[in-house]
$ cat protein_7.cif   # mmCIF, C-alpha atoms and all ligand atoms
data_my_file
loop_
_atom_site.group_PDB
_atom_site.id
_atom_site.type_symbol
_atom_site.label_atom_id
_atom_site.label_comp_id
_atom_site.auth_asym_id
_atom_site.auth_seq_id
_atom_site.Cartn_x
_atom_site.Cartn_y
_atom_site.Cartn_z
ATOM 1 C CA MET B 22 -111.393 -49.298 -29.747
ATOM 2 C CA ALA B 23 -110.250 -46.366 -31.834
ATOM 3 C CA GLN B 24 -107.659 -47.024 -34.507
ATOM 4 C CA LYS B 25 -104.472 -44.992 -34.337
ATOM 5 C CA ALA B 26 -103.439 -42.938 -37.341
ATOM 6 C CA MET B 27 -100.152 -41.176 -37.947
ATOM 7 C CA VAL B 28 -99.947 -38.455 -40.572
ATOM 8 C CA PHE B 29 -96.729 -38.234 -42.595
ATOM 9 C CA ILE B 30 -96.279 -35.010 -44.529
ATOM 10 C CA ASP B 31 -93.741 -34.620 -47.324
ATOM 11 C CA GLY B 32 -93.078 -30.897 -46.941
ATOM 12 C CA SER B 33 -91.656 -30.584 -50.458
ATOM 13 C CA TRP B 34 -94.767 -32.135 -51.950
ATOM 14 C CA LEU B 35 -97.082 -30.000 -49.838
ATOM 15 C CA TYR B 36 -95.134 -26.867 -50.705
ATOM 16 C CA LYS B 37 -95.492 -27.578 -54.428
ATOM 17 C CA SER B 38 -99.173 -28.434 -53.940
ATOM 18 C CA ARG B 39 -99.903 -25.074 -52.353
ATOM 19 C CA THR B 40 -99.569 -23.409 -55.750
ATOM 20 C CA ALA B 41 -102.164 -25.771 -57.223
ATOM 21 C CA LEU B 42 -104.455 -25.162 -54.262
ATOM 22 C CA PHE B 43 -104.130 -21.380 -54.611
ATOM 23 C CA GLN B 44 -105.020 -21.605 -58.286
ATOM 24 C CA ARG B 45 -108.077 -23.718 -57.604
ATOM 25 C CA SER B 46 -109.392 -21.524 -54.831
ATOM 26 C CA ASP B 47 -111.316 -18.348 -55.603
ATOM 27 C CA LYS B 48 -109.343 -15.978 -57.746
ATOM 28 C CA ASP B 49 -108.614 -13.235 -55.215
ATOM 29 C CA GLY B 50 -105.305 -14.889 -54.359
ATOM 30 C CA ALA B 51 -106.007 -14.668 -50.640
ATOM 31 C CA PHE B 52 -106.171 -18.385 -50.012
ATOM 32 C CA GLU B 53 -104.028 -19.705 -47.171
ATOM 33 C CA ILE B 54 -103.894 -23.211 -45.759
ATOM 34 C CA ASP B 55 -104.842 -23.746 -42.138
ATOM 35 C CA TYR B 56 -102.145 -26.302 -41.325
ATOM 36 C CA ALA B 57 -103.640 -27.077 -37.922
ATOM 37 C CA LYS B 58 -106.738 -28.494 -39.629
ATOM 38 C CA ILE B 59 -105.004 -30.944 -41.988
ATOM 39 C CA PRO B 60 -104.437 -33.919 -39.608
ATOM 40 C CA ARG B 61 -107.919 -33.845 -38.072
ATOM 41 C CA LEU B 62 -109.597 -33.517 -41.452
ATOM 42 C CA LEU B 63 -107.731 -36.522 -42.877
ATOM 43 C CA CYS B 64 -108.265 -38.676 -39.775
ATOM 44 C CA ASP B 65 -111.982 -37.845 -39.753
ATOM 45 C CA ASN B 66 -112.155 -38.872 -43.389
ATOM 46 C CA VAL B 67 -110.532 -42.253 -42.684
ATOM 47 C CA ALA B 68 -112.908 -42.746 -39.748
ATOM 48 C CA ARG B 69 -115.895 -42.049 -41.979
ATOM 49 C CA VAL B 70 -114.722 -44.438 -44.710
ATOM 50 C CA SER B 71 -113.721 -47.244 -42.337
ATOM 51 C CA GLY B 72 -116.749 -46.822 -40.111
ATOM 52 C CA SER B 73 -114.737 -46.836 -36.890
ATOM 53 C CA PRO B 74 -113.276 -44.025 -34.759
ATOM 54 C CA VAL B 75 -109.723 -42.878 -35.509
ATOM 55 C CA ASP B 76 -107.299 -41.230 -33.096
ATOM 56 C CA CYS B 77 -104.839 -38.874 -34.733
ATOM 57 C CA VAL B 78 -101.785 -39.783 -32.655
ATOM 58 C CA ARG B 79 -98.986 -37.869 -34.370
ATOM 59 C CA THR B 80 -98.263 -35.663 -37.353
ATOM 60 C CA LEU B 81 -94.734 -35.775 -38.719
ATOM 61 C CA TYR B 82 -93.551 -33.132 -41.159
ATOM 62 C CA PHE B 83 -90.353 -33.476 -43.175
ATOM 63 C CA GLY B 84 -88.826 -30.432 -44.808
ATOM 64 C CA THR B 85 -85.652 -28.717 -45.922
ATOM 65 C CA ILE B 86 -84.059 -25.327 -45.493
ATOM 66 C CA PRO B 87 -81.488 -23.949 -47.911
ATOM 67 C CA SER B 88 -78.296 -22.991 -46.101
ATOM 68 C CA MET B 89 -75.213 -21.147 -47.331
ATOM 69 C CA ARG B 90 -77.150 -19.264 -49.990
ATOM 70 C CA SER B 91 -75.854 -15.725 -49.792
ATOM 71 C CA GLY B 92 -78.541 -13.134 -49.293
ATOM 72 C CA TYR B 93 -81.151 -15.719 -48.342
ATOM 73 C CA ASN B 94 -82.690 -15.147 -44.944
ATOM 74 C CA THR B 95 -83.828 -18.457 -43.439
ATOM 75 C CA SER B 96 -85.468 -16.927 -40.359
ATOM 76 C CA LYS B 97 -88.902 -16.796 -41.992
ATOM 77 C CA GLN B 98 -88.736 -20.466 -42.900
ATOM 78 C CA TYR B 99 -87.554 -21.427 -39.425
ATOM 79 C CA SER B 100 -90.419 -19.486 -37.867
ATOM 80 C CA PHE B 101 -92.846 -21.326 -40.166
ATOM 81 C CA TYR B 102 -91.502 -24.657 -38.879
ATOM 82 C CA ASP B 103 -91.708 -23.321 -35.297
ATOM 83 C CA PHE B 104 -95.313 -22.402 -35.980
ATOM 84 C CA LEU B 105 -96.047 -25.950 -37.202
ATOM 85 C CA GLU B 106 -94.504 -27.351 -33.989
ATOM 86 C CA LYS B 107 -95.957 -24.957 -31.444
ATOM 87 C CA SER B 108 -99.305 -24.000 -32.905
ATOM 88 C CA CYS B 109 -100.296 -26.962 -35.068
ATOM 89 C CA GLY B 110 -98.986 -29.879 -33.005
ATOM 90 C CA TYR B 111 -96.697 -31.161 -35.751
ATOM 91 C CA GLU B 112 -93.355 -32.836 -35.112
ATOM 92 C CA THR B 113 -90.938 -31.477 -37.677
ATOM 93 C CA GLU B 114 -87.750 -32.963 -39.066
ATOM 94 C CA ILE B 115 -85.896 -30.290 -40.955
ATOM 95 C CA HIS B 116 -82.722 -30.757 -42.913
ATOM 96 C CA GLU B 117 -80.382 -27.942 -43.936
ATOM 97 C CA VAL B 118 -79.402 -28.376 -47.550
ATOM 98 C CA ASP B 119 -76.191 -26.773 -48.725
ATOM 99 C CA VAL B 120 -77.029 -24.853 -51.861
ATOM 100 C CA SER B 121 -73.874 -22.711 -51.849
ATOM 101 C CA ASN B 122 -73.157 -23.509 -55.493
ATOM 102 C CA ASN B 123 -76.697 -22.530 -56.484
ATOM 103 C CA ALA B 124 -77.785 -26.123 -56.877
ATOM 104 C CA ALA B 125 -81.519 -26.676 -56.744
ATOM 105 C CA ILE B 126 -82.795 -28.244 -53.531
ATOM 106 C CA ASP B 127 -83.530 -31.849 -54.180
ATOM 107 C CA ASP B 128 -86.032 -33.637 -51.998
ATOM 108 C CA THR B 129 -84.218 -36.950 -51.597
ATOM 109 C CA TRP B 130 -83.602 -36.236 -47.928
ATOM 110 C CA VAL B 131 -87.297 -35.614 -47.337
ATOM 111 C CA LYS B 132 -88.325 -38.872 -49.015
ATOM 112 C CA MET B 133 -85.666 -40.999 -47.324
ATOM 113 C CA SER B 134 -86.421 -39.475 -43.957
ATOM 114 C CA LEU B 135 -90.186 -39.861 -44.248
ATOM 115 C CA GLY B 136 -89.845 -43.456 -45.492
ATOM 116 C CA ALA B 137 -87.403 -44.384 -42.730
ATOM 117 C CA SER B 138 -89.631 -42.898 -40.021
ATOM 118 C CA MET B 139 -92.755 -44.576 -41.327
ATOM 119 C CA LEU B 140 -91.045 -47.951 -41.419
ATOM 120 C CA PHE B 141 -89.531 -47.382 -37.973
ATOM 121 C CA TYR B 142 -92.930 -46.675 -36.414
ATOM 122 C CA ALA B 143 -94.570 -49.502 -38.382
ATOM 123 C CA GLY B 144 -92.141 -51.882 -36.657
ATOM 124 C CA HIS B 145 -93.481 -50.800 -33.258
ATOM 125 C CA PRO B 146 -96.728 -52.737 -32.821
ATOM 126 C CA ALA B 147 -98.520 -50.067 -30.799
ATOM 127 C CA ALA B 148 -97.364 -46.950 -32.646
ATOM 128 C CA PHE B 149 -100.081 -46.759 -35.315
ATOM 129 C CA ASP B 150 -102.625 -48.751 -37.316
ATOM 130 C CA ILE B 151 -103.058 -46.397 -40.256
ATOM 131 C CA ALA B 152 -100.431 -44.334 -42.084
ATOM 132 C CA ILE B 153 -101.786 -41.262 -43.833
ATOM 133 C CA ILE B 154 -99.231 -39.935 -46.287
ATOM 134 C CA LEU B 155 -99.441 -36.509 -47.911
ATOM 135 C CA ALA B 156 -97.490 -37.123 -51.098
ATOM 136 C CA ASP B 157 -98.821 -38.876 -54.157
ATOM 137 C CA ASP B 158 -95.328 -39.761 -55.338
ATOM 138 C CA LEU B 159 -94.379 -43.091 -56.894
ATOM 139 C CA ASP B 160 -91.018 -43.040 -55.074
ATOM 140 C CA TYR B 161 -92.931 -44.075 -51.956
ATOM 141 C CA THR B 162 -94.163 -47.327 -53.521
ATOM 142 C CA PRO B 163 -91.559 -49.653 -51.911
ATOM 143 C CA VAL B 164 -91.865 -48.227 -48.405
ATOM 144 C CA LEU B 165 -95.678 -48.192 -48.422
ATOM 145 C CA ARG B 166 -95.768 -51.825 -49.525
ATOM 146 C CA ARG B 167 -93.435 -52.807 -46.706
ATOM 147 C CA VAL B 168 -95.404 -50.820 -44.142
ATOM 148 C CA ARG B 169 -98.449 -52.843 -45.177
ATOM 149 C CA LEU B 170 -96.498 -56.076 -44.585
ATOM 150 C CA PHE B 171 -96.524 -55.055 -40.907
ATOM 151 C CA GLY B 172 -100.318 -55.191 -41.066
ATOM 152 C CA LYS B 173 -100.720 -51.412 -41.287
ATOM 153 C CA ARG B 174 -103.192 -49.733 -43.573
ATOM 154 C CA VAL B 175 -102.338 -46.834 -45.865
ATOM 155 C CA GLN B 176 -104.254 -43.748 -46.927
ATOM 156 C CA VAL B 177 -102.632 -41.796 -49.749
ATOM 157 C CA VAL B 178 -103.479 -38.108 -50.122
ATOM 158 C CA GLY B 179 -102.872 -36.458 -53.478
ATOM 159 C CA LEU B 180 -104.160 -33.797 -55.832
ATOM 160 C CA HIS B 181 -106.195 -33.715 -59.018
ATOM 161 C CA LEU B 182 -104.385 -32.559 -62.159
ATOM 162 C CA PRO B 183 -104.830 -28.865 -63.076
ATOM 163 C CA ASP B 184 -107.750 -29.761 -65.400
ATOM 164 C CA GLY B 185 -109.518 -31.501 -62.501
ATOM 165 C CA SER B 186 -108.875 -35.036 -63.733
ATOM 166 C CA VAL B 187 -107.413 -37.908 -61.726
ATOM 167 C CA PRO B 188 -103.678 -38.479 -62.395
ATOM 168 C CA SER B 189 -103.165 -41.373 -64.769
ATOM 169 C CA ARG B 190 -101.408 -44.681 -64.235
ATOM 170 C CA GLY B 191 -97.681 -43.994 -64.115
ATOM 171 C CA GLN B 192 -98.240 -40.617 -62.402
ATOM 172 C CA SER B 193 -99.935 -41.630 -59.216
ATOM 173 C CA LEU B 194 -99.871 -44.085 -56.319
ATOM 174 C CA PHE B 195 -103.642 -44.395 -56.602
ATOM 175 C CA HIS B 196 -103.329 -46.912 -59.433
ATOM 176 C CA LYS B 197 -100.717 -49.050 -57.693
ATOM 177 C CA SER B 198 -101.629 -52.443 -56.310
ATOM 178 C CA ARG B 199 -100.902 -53.374 -52.675
ATOM 179 C CA ILE B 200 -100.840 -49.770 -51.442
ATOM 180 C CA ASN B 201 -104.305 -48.260 -51.187
ATOM 181 C CA ASP B 202 -106.483 -49.453 -48.316
ATOM 182 C CA PHE B 203 -108.876 -46.537 -48.681
ATOM 183 C CA PRO B 204 -110.303 -44.608 -51.618
ATOM 184 C CA PRO B 205 -108.058 -41.770 -52.890
ATOM 185 C CA VAL B 206 -108.236 -38.470 -51.049
ATOM 186 C CA PHE B 207 -107.615 -35.320 -53.086
ATOM 187 C CA LEU B 208 -106.543 -32.357 -51.008
ATOM 188 C CA ASP B 209 -108.129 -29.935 -53.482
ATOM 189 C CA ASP B 210 -111.564 -31.405 -52.686
ATOM 190 C CA TYR B 211 -111.227 -29.900 -49.209
ATOM 191 C CA LEU B 212 -110.343 -26.309 -50.069
ATOM 192 C CA ALA B 213 -113.224 -24.854 -48.092
ATOM 193 C CA ASP B 214 -112.332 -26.898 -45.003
ATOM 194 C CA LEU B 215 -108.631 -26.070 -45.178
ATOM 195 C CA ARG B 216 -109.017 -22.342 -45.633
ATOM 196 C CA LEU B 217 -107.332 -20.311 -42.946
ATOM 197 C CA VAL B 218 -109.709 -17.802 -41.457
ATOM 198 C CA ARG B 219 -107.650 -14.985 -40.055
ATOM 199 C CA SER B 220 -109.141 -13.046 -37.210
ATOM 200 C CA SER B 221 -107.523 -9.785 -36.237
ATOM 201 C CA LYS B 222 -106.943 -9.016 -32.570
ATOM 202 C CA VAL B 223 -104.753 -6.967 -30.251
ATOM 203 C CA ARG B 224 -101.672 -8.817 -29.012
ATOM 204 C CA VAL B 225 -98.789 -7.901 -26.717
ATOM 205 C CA CYS B 226 -95.239 -7.891 -28.089
ATOM 206 C CA LYS B 227 -93.067 -10.470 -26.341
ATOM 207 C CA GLN B 228 -90.002 -8.249 -26.689
ATOM 208 C CA CYS B 229 -91.129 -4.734 -25.726
ATOM 209 C CA GLY B 230 -94.648 -5.191 -24.376
ATOM 210 C CA ALA B 231 -96.285 -2.890 -26.943
ATOM 211 C CA GLU B 232 -99.827 -3.721 -28.062
ATOM 212 C CA GLU B 233 -100.604 -4.068 -31.738
ATOM 213 C CA GLN B 234 -103.498 -5.206 -33.926
ATOM 214 C CA THR B 235 -102.489 -8.396 -35.760
ATOM 215 C CA THR B 236 -103.734 -11.470 -37.583
ATOM 216 C CA TRP B 237 -100.646 -13.469 -36.499
ATOM 217 C CA ALA B 238 -101.819 -16.639 -34.757
ATOM 218 C CA GLY B 239 -98.430 -18.066 -33.701
ATOM 219 C CA VAL B 240 -97.474 -18.598 -30.048
ATOM 220 C CA ASP B 241 -95.017 -15.685 -29.824
ATOM 221 C CA PHE B 242 -95.933 -12.274 -31.128
ATOM 222 C CA PHE B 243 -93.416 -9.513 -31.884
ATOM 223 C CA CYS B 244 -94.588 -6.022 -32.855
ATOM 224 C CA SER B 245 -93.669 -4.535 -36.225
ATOM 225 C CA SER B 246 -90.790 -2.414 -34.896
ATOM 226 C CA CYS B 247 -89.226 -5.326 -32.990
ATOM 227 C CA ARG B 248 -89.579 -7.517 -36.069
ATOM 228 C CA GLY B 249 -87.861 -4.801 -38.102
ATOM 229 C CA ARG B 250 -84.965 -4.604 -35.628
ATOM 230 C CA TYR B 251 -84.618 -8.408 -35.647
ATOM 231 C CA ARG B 252 -84.419 -8.472 -39.439
ATOM 232 C CA SER B 253 -81.753 -5.780 -39.605
ATOM 233 C CA VAL B 254 -79.399 -7.627 -37.199
HETATM 234 ZN ZN ZN B 301 -92.063 -4.910 -29.766
#
$ encode --input "protein_7.cif" --output "structure tokens"
Amino acid sequence: MAQKAMVFIDGSWLYKSRTALFQRSDKDGAFEIDYAKIPRLLCDNVARVSGSPVDCVRTLYFGTIPSMRSGYNTSKQYSFYDFLEKSCGYETEIHEVDVSNNAAIDDTWVKMSLGASMLFYAGHPAAFDIAIILADDLDYTPVLRRVRLFGKRVQVVGLHLPDGSVPSRGQSLFHKSRINDFPPVFLDDYLADLRLVRSSKVRVCKQCGAEEQTTWAGVDFFCSSCRGRYRSV
């Protein structure tokens, strides 16, 4: 019988990792991640290593949005999260962070929320067998150890350092005992597989019905003039 895997994505970690991925891809700066491919790629990898089929049952994404920052338009970020939900099959948990006094966004909410969800599902015997976590962050040590006490197995996904080396002890979950059930996975090893290939096609605007050539792959398409009107509201 296939094992069930759930993918837990720390959106703050993935957002920071994008910069490293861009730098390691070819230098034309055109690299974009195909988010829809991430869960399948990681589940296939676990299946290959464990030698048994793996069902990717759910992908949970935890992220934040800055609110109350004057002059900051959050609509683009919300449409990104909509895109993850509707086009990539993710379930998103998004928290509005009040940054009205220009405080930096801290990612405590993301970590607490991801850890709580993982432990919650680990307590349900049939929810998953394998937790795949995208965040090589030592703060997750306690929760990953407890998830394993429920008999679950853990796959940590991280990144190489900028010079291509493996993060050292004290920087990475990969060196921690009682956490890693599978060999480390480095997201930057899969650049070619994660590249978004944009194909341009004619789509119909949901608002006005006009046709326009676009590379937008989301569920709803709005033409450039309708998008312009929306922004100016
Ligand atoms: Zn339109």
$ residues_near_point --input "protein_7.cif" --point "(-112.0, -47.6, -45.2)" --cutoff "8 Å" --atoms "all atoms listed in the file" --output "VMD selection string"
chain B and resid 67 to 72 202 to 204
$ closest_atom_pairs --input "protein_7.cif" --of "chain B" --to "ligand ZN 301 (chain B)" --cutoff "10 Å" --atoms "all atoms listed in the file" --output "tab-separated table"
residue	atom	partner	partner_atom	distance
B:Val225	CA	B:ZN301	ZN	8.0
B:Cys226	CA	B:ZN301	ZN	4.7
B:Lys227	CA	B:ZN301	ZN	6.6
B:Gln228	CA	B:ZN301	ZN	5.0
B:Cys229	CA	B:ZN301	ZN	4.2
B:Gly230	CA	B:ZN301	ZN	6.0
B:Ala231	CA	B:ZN301	ZN	5.5
B:Glu232	CA	B:ZN301	ZN	8.0
B:Glu233	CA	B:ZN301	ZN	8.8
B:Phe242	CA	B:ZN301	ZN	8.4
B:Phe243	CA	B:ZN301	ZN	5.2
B:Cys244	CA	B:ZN301	ZN	4.1
B:Ser245	CA	B:ZN301	ZN	6.7
B:Ser246	CA	B:ZN301	ZN	5.8
B:Cys247	CA	B:ZN301	ZN	4.3
B:Arg248	CA	B:ZN301	ZN	7.3
B:Gly249	CA	B:ZN301	ZN	9.3
B:Arg250	CA	B:ZN301	ZN	9.2
$ resolve_selection --input "protein_7.cif" --expression "the PyMOL selection byres (((chain B and resi 184) around 12) and not hetatm)" --output "PyMOL selection string"
chain B and resi 41+44-45+180-183+185-188+209
$ residues_around --input "protein_7.cif" --residues "Val118 of chain B" --least-positions-apart "5" --cutoff "7 Å" --atoms "all atoms listed in the file" --output "PyMOL selection string"
chain B and resi 85-88+126
$ atom_distance --input "protein_7.cif" --atom1 "atom CA of Arg79 of chain B" --atom2 "atom CA of Pro146 of chain B"
15.1 Å
$ resolve_selection --input "protein_7.cif" --expression "the PyMOL selection byres (((chain B and resi 212) around 9) and not hetatm)" --output "ChimeraX atom specification"
/B:42,45-46,52,54,208-211,213-216
$ atom_distance --input "protein_7.cif" --atom1 "atom CA of Val131 of chain B" --atom2 "atom CA of Cys77 of chain B"
21.8 Å
$ resolve_selection --input "protein_7.cif" --expression "the PyMOL selection byres (((chain B and resi 25) around 10) and not hetatm)" --output "ChimeraX atom specification"
/B:22-24,26-27,64,74-79,147-152
$ residues_near_point --input "protein_7.cif" --point "(-97.4, -37.6, -42.9)" --cutoff "7 Å" --atoms "all atoms listed in the file" --output "list in words"
Met27, Val28, Phe29, Ile30, Asp31, Thr80, Leu81, Tyr82, Ile153, Ile154 and Leu155 of chain B
$ write_last_selection --input "protein_7.cif" --atoms "C-alpha atoms" --output "compact mmCIF listing (two decimals), keeping the file's coordinate frame"
# COMPACT_ATOMS: atom_id res chain seq x y z
CA MET B 27 -100.15 -41.18 -37.95
CA VAL B 28 -99.95 -38.46 -40.57
CA PHE B 29 -96.73 -38.23 -42.60
CA ILE B 30 -96.28 -35.01 -44.53
CA ASP B 31 -93.74 -34.62 -47.32
CA THR B 80 -98.26 -35.66 -37.35
CA LEU B 81 -94.73 -35.78 -38.72
CA TYR B 82 -93.55 -33.13 -41.16
CA ILE B 153 -101.79 -41.26 -43.83
CA ILE B 154 -99.23 -39.94 -46.29
CA LEU B 155 -99.44 -36.51 -47.91
$ atom_distance --input "protein_7.cif" --atom1 "atom CA of His116 of chain B" --atom2 "atom CA of Ala57 of chain B"
21.8 Å
$ closest_residue --input "protein_7.cif" --among "B:Arg190, B:Val206, B:Gly84, B:Leu217" --to "Gln98 of chain B" --atoms "all atoms listed in the file"
B:Gly84
$ decode --input "protein_7.cif" --residues "segment 22-100 of chain B" --atoms "C-alpha atoms" --output "PDB file, in the first residue's frame"
ATOM      1  CA  MET B  22       0.000   0.000   0.000  1.00  0.00           C
ATOM      2  CA  ALA B  23       1.227   3.479  -0.806  1.00  0.00           C
ATOM      3  CA  GLN B  24       2.539   5.578   2.052  1.00  0.00           C
ATOM      4  CA  LYS B  25       0.895   8.942   2.599  1.00  0.00           C
ATOM      5  CA  ALA B  26       3.040  12.057   2.599  1.00  0.00           C
ATOM      6  CA  MET B  27       2.065  15.564   3.613  1.00  0.00           C
ATOM      7  CA  VAL B  28       4.195  18.490   2.500  1.00  0.00           C
ATOM      8  CA  PHE B  29       4.604  21.372   4.956  1.00  0.00           C
ATOM      9  CA  ILE B  30       5.980  24.564   3.454  1.00  0.00           C
ATOM     10  CA  ASP B  31       7.370  27.400   5.560  1.00  0.00           C
ATOM     11  CA  GLY B  32       6.544  30.274   3.213  1.00  0.00           C
ATOM     12  CA  SER B  33       9.072  32.602   4.851  1.00  0.00           C
ATOM     13  CA  TRP B  34      11.846  30.077   4.364  1.00  0.00           C
ATOM     14  CA  LEU B  35      10.843  29.372   0.776  1.00  0.00           C
ATOM     15  CA  TYR B  36      10.613  33.077   0.015  1.00  0.00           C
ATOM     16  CA  LYS B  37      14.153  33.642   1.298  1.00  0.00           C
ATOM     17  CA  SER B  38      15.358  30.556  -0.586  1.00  0.00           C
ATOM     18  CA  ARG B  39      14.075  31.884  -3.892  1.00  0.00           C
ATOM     19  CA  THR B  40      16.897  34.425  -3.956  1.00  0.00           C
ATOM     20  CA  ALA B  41      19.472  31.654  -3.533  1.00  0.00           C
ATOM     21  CA  LEU B  42      17.774  29.611  -6.240  1.00  0.00           C
ATOM     22  CA  PHE B  43      17.750  32.565  -8.650  1.00  0.00           C
ATOM     23  CA  GLN B  44      21.453  33.116  -8.070  1.00  0.00           C
ATOM     24  CA  ARG B  45      22.278  29.483  -8.704  1.00  0.00           C
ATOM     25  CA  SER B  46      20.243  29.221 -11.870  1.00  0.00           C
ATOM     26  CA  ASP B  47      21.608  30.483 -15.176  1.00  0.00           C
ATOM     27  CA  LYS B  48      22.555  34.114 -15.030  1.00  0.00           C
ATOM     28  CA  ASP B  49      19.820  35.607 -17.210  1.00  0.00           C
ATOM     29  CA  GLY B  50      17.698  36.250 -14.127  1.00  0.00           C
ATOM     30  CA  ALA B  51      14.647  34.677 -15.739  1.00  0.00           C
ATOM     31  CA  PHE B  52      14.347  31.773 -13.349  1.00  0.00           C
ATOM     32  CA  GLU B  53      10.930  31.227 -11.790  1.00  0.00           C
ATOM     33  CA  ILE B  54       9.784  28.387  -9.570  1.00  0.00           C
ATOM     34  CA  ASP B  55       6.968  26.168 -10.771  1.00  0.00           C
ATOM     35  CA  TYR B  56       5.198  25.812  -7.424  1.00  0.00           C
ATOM     36  CA  ALA B  57       2.828  23.156  -8.746  1.00  0.00           C
ATOM     37  CA  LYS B  58       5.782  20.806  -9.262  1.00  0.00           C
ATOM     38  CA  ILE B  59       7.277  21.011  -5.755  1.00  0.00           C
ATOM     39  CA  PRO B  60       5.045  18.479  -3.898  1.00  0.00           C
ATOM     40  CA  ARG B  61       5.173  15.805  -6.604  1.00  0.00           C
ATOM     41  CA  LEU B  62       8.925  16.140  -7.007  1.00  0.00           C
ATOM     42  CA  LEU B  63       9.551  15.720  -3.269  1.00  0.00           C
ATOM     43  CA  CYS B  64       7.106  12.816  -2.904  1.00  0.00           C
ATOM     44  CA  ASP B  65       8.659  11.041  -5.894  1.00  0.00           C
ATOM     45  CA  ASN B  66      12.056  11.473  -4.290  1.00  0.00           C
ATOM     46  CA  VAL B  67      10.892   9.903  -1.012  1.00  0.00           C
ATOM     47  CA  ALA B  68       9.311   7.049  -2.977  1.00  0.00           C
ATOM     48  CA  ARG B  69      12.579   6.419  -4.797  1.00  0.00           C
ATOM     49  CA  VAL B  70      14.648   6.441  -1.594  1.00  0.00           C
ATOM     50  CA  SER B  71      12.225   4.303   0.423  1.00  0.00           C
ATOM     51  CA  GLY B  72      11.518   1.918  -2.426  1.00  0.00           C
ATOM     52  CA  SER B  73       7.749   2.066  -1.990  1.00  0.00           C
ATOM     53  CA  PRO B  74       5.051   4.206  -3.640  1.00  0.00           C
ATOM     54  CA  VAL B  75       4.122   7.504  -1.977  1.00  0.00           C
ATOM     55  CA  ASP B  76       0.814   9.346  -2.251  1.00  0.00           C
ATOM     56  CA  CYS B  77       1.094  13.099  -1.918  1.00  0.00           C
ATOM     57  CA  VAL B  78      -2.055  13.677   0.138  1.00  0.00           C
ATOM     58  CA  ARG B  79      -1.829  17.364   1.027  1.00  0.00           C
ATOM     59  CA  THR B  80       0.424  20.383   0.714  1.00  0.00           C
ATOM     60  CA  LEU B  81       0.124  23.002   3.431  1.00  0.00           C
ATOM     61  CA  TYR B  82       1.667  26.428   2.954  1.00  0.00           C
ATOM     62  CA  PHE B  83       2.108  28.901   5.800  1.00  0.00           C
ATOM     63  CA  GLY B  84       2.754  32.543   5.038  1.00  0.00           C
ATOM     64  CA  THR B  85       2.287  36.121   6.150  1.00  0.00           C
ATOM     65  CA  ILE B  86       1.033  39.335   4.627  1.00  0.00           C
ATOM     66  CA  PRO B  87       2.018  42.748   5.943  1.00  0.00           C
ATOM     67  CA  SER B  88      -1.047  44.803   6.821  1.00  0.00           C
ATOM     68  CA  MET B  89      -1.376  48.453   7.812  1.00  0.00           C
ATOM     69  CA  ARG B  90       1.759  49.458   5.933  1.00  0.00           C
ATOM     70  CA  SER B  91       0.834  52.667   4.175  1.00  0.00           C
ATOM     71  CA  GLY B  92       1.419  52.601   0.455  1.00  0.00           C
ATOM     72  CA  TYR B  93       1.832  48.830   0.374  1.00  0.00           C
ATOM     73  CA  ASN B  94      -0.584  47.085  -1.941  1.00  0.00           C
ATOM     74  CA  THR B  95      -1.271  43.547  -0.704  1.00  0.00           C
ATOM     75  CA  SER B  96      -3.406  42.514  -3.685  1.00  0.00           C
ATOM     76  CA  LYS B  97      -0.452  41.002  -5.546  1.00  0.00           C
ATOM     77  CA  GLN B  98       0.482  38.869  -2.564  1.00  0.00           C
ATOM     78  CA  TYR B  99      -3.105  37.748  -2.051  1.00  0.00           C
ATOM     79  CA  SER B 100      -3.361  36.753  -5.705  1.00  0.00           C
TER      80      SER B 100
END
